[in-house]
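The structure under discussion appears below in the form of structure tokens.
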Amino acid sequence: MTGHHDDDERQREAKAILNRVRQETEPQVGGHAEAMLFRTRDHFLARDADPEDRIAVLGTRIGRMAAVGGFIVFAILLAIQLSSG
């Protein structure tokens, strides 16, 4: 019985050590990039708008998507203008 208990204890300790090593060696950029992606997703899904006001949420989403669309159109127009120069 103690042999089985010792094996479980060793396995828990090994997992804890591996988790600690992974956290210490994990690239710091990955965590920041993930947070940035989640914030961007939440921004475009209008999570900051009042969830009780469905019209405000819908309007916020439409406005933010229209802004992205406008940016893409202007970027393409700029690229065409610069390449024809």
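Convention: chains lettered A, B, ... in structure tokens order; per-chain residue numbering from 1; ligands numbered from 1 as shown.
Within 9 Å of A:Val57, once only C-alpha atoms are used and residues closer than 6 positions along the same chain are dropped, the contacting residues are Leu45, Ala46, Arg47, Asp48, Ala49, Asp50 and Pro51 of chain A.
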Could you give me the residues within chain A that DSSP places in helix (DSSP H, G or I), as JSON, numbers by chain? {"A": [2, 3, 4, 5, 6, 7, 8, 9, 10, 11, 12, 13, 14, 15, 16, 17, 18, 19, 20, 21, 22, 23, 24, 25, 28, 29, 30, 31, 32, 33, 34, 35, 36, 37, 38, 39, 40, 41, 42, 43, 44, 54, 55, 56, 57, 58, 59, 60, 61, 62, 63, 64, 65, 66, 67, 68, 69, 70, 71, 72, 73, 74, 75, 76, 77, 78, 79, 80, 81, 82, 83, 84]}
Exercise: stretch 61-76 of chain A partners within 12 Å, only C-alpha atoms, chain neighbours under 2 positions left out, as a PyMOL selection string: chain A and resi 40-49+54-59+78-83
Saved selection, atoms kept: C-alpha atoms, as a compact mmCIF listing (two decimals), in the first residue's frame:
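Listing of again-v1.txt after writing:
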# COMPACT_ATOMS: atom_id res chain seq x y z
CA THR A 40 -9.76 42.50 -29.82
CA ARG A 41 -12.41 39.77 -30.00
CA ASP A 42 -14.28 41.27 -27.07
CA HIS A 43 -14.06 44.73 -28.65
CA PHE A 44 -15.59 43.62 -31.94
CA LEU A 45 -18.26 41.55 -30.19
CA ALA A 46 -19.21 44.70 -28.25
CA ARG A 47 -18.74 43.04 -24.87
CA ASP A 48 -18.19 46.51 -23.40
CA ALA A 49 -21.70 47.64 -24.40
CA ARG A 54 -29.58 44.80 -27.75
CA ILE A 55 -29.86 47.76 -30.14
CA ALA A 56 -26.77 49.39 -28.65
CA VAL A 57 -24.84 46.11 -28.92
CA LEU A 58 -25.93 45.63 -32.53
CA GLY A 59 -25.12 49.24 -33.42
CA LEU A 78 -3.56 53.84 -50.95
CA ALA A 79 -1.70 50.78 -52.26
CA ILE A 80 -3.17 51.29 -55.74
CA GLN A 81 -2.29 54.98 -55.67
CA LEU A 82 1.29 54.31 -54.58
CA SER A 83 1.85 51.50 -57.08
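Reported to one decimal place, the separation of atom CA of A:Glu9 from atom CA of A:Val21 is 18.4 Å.
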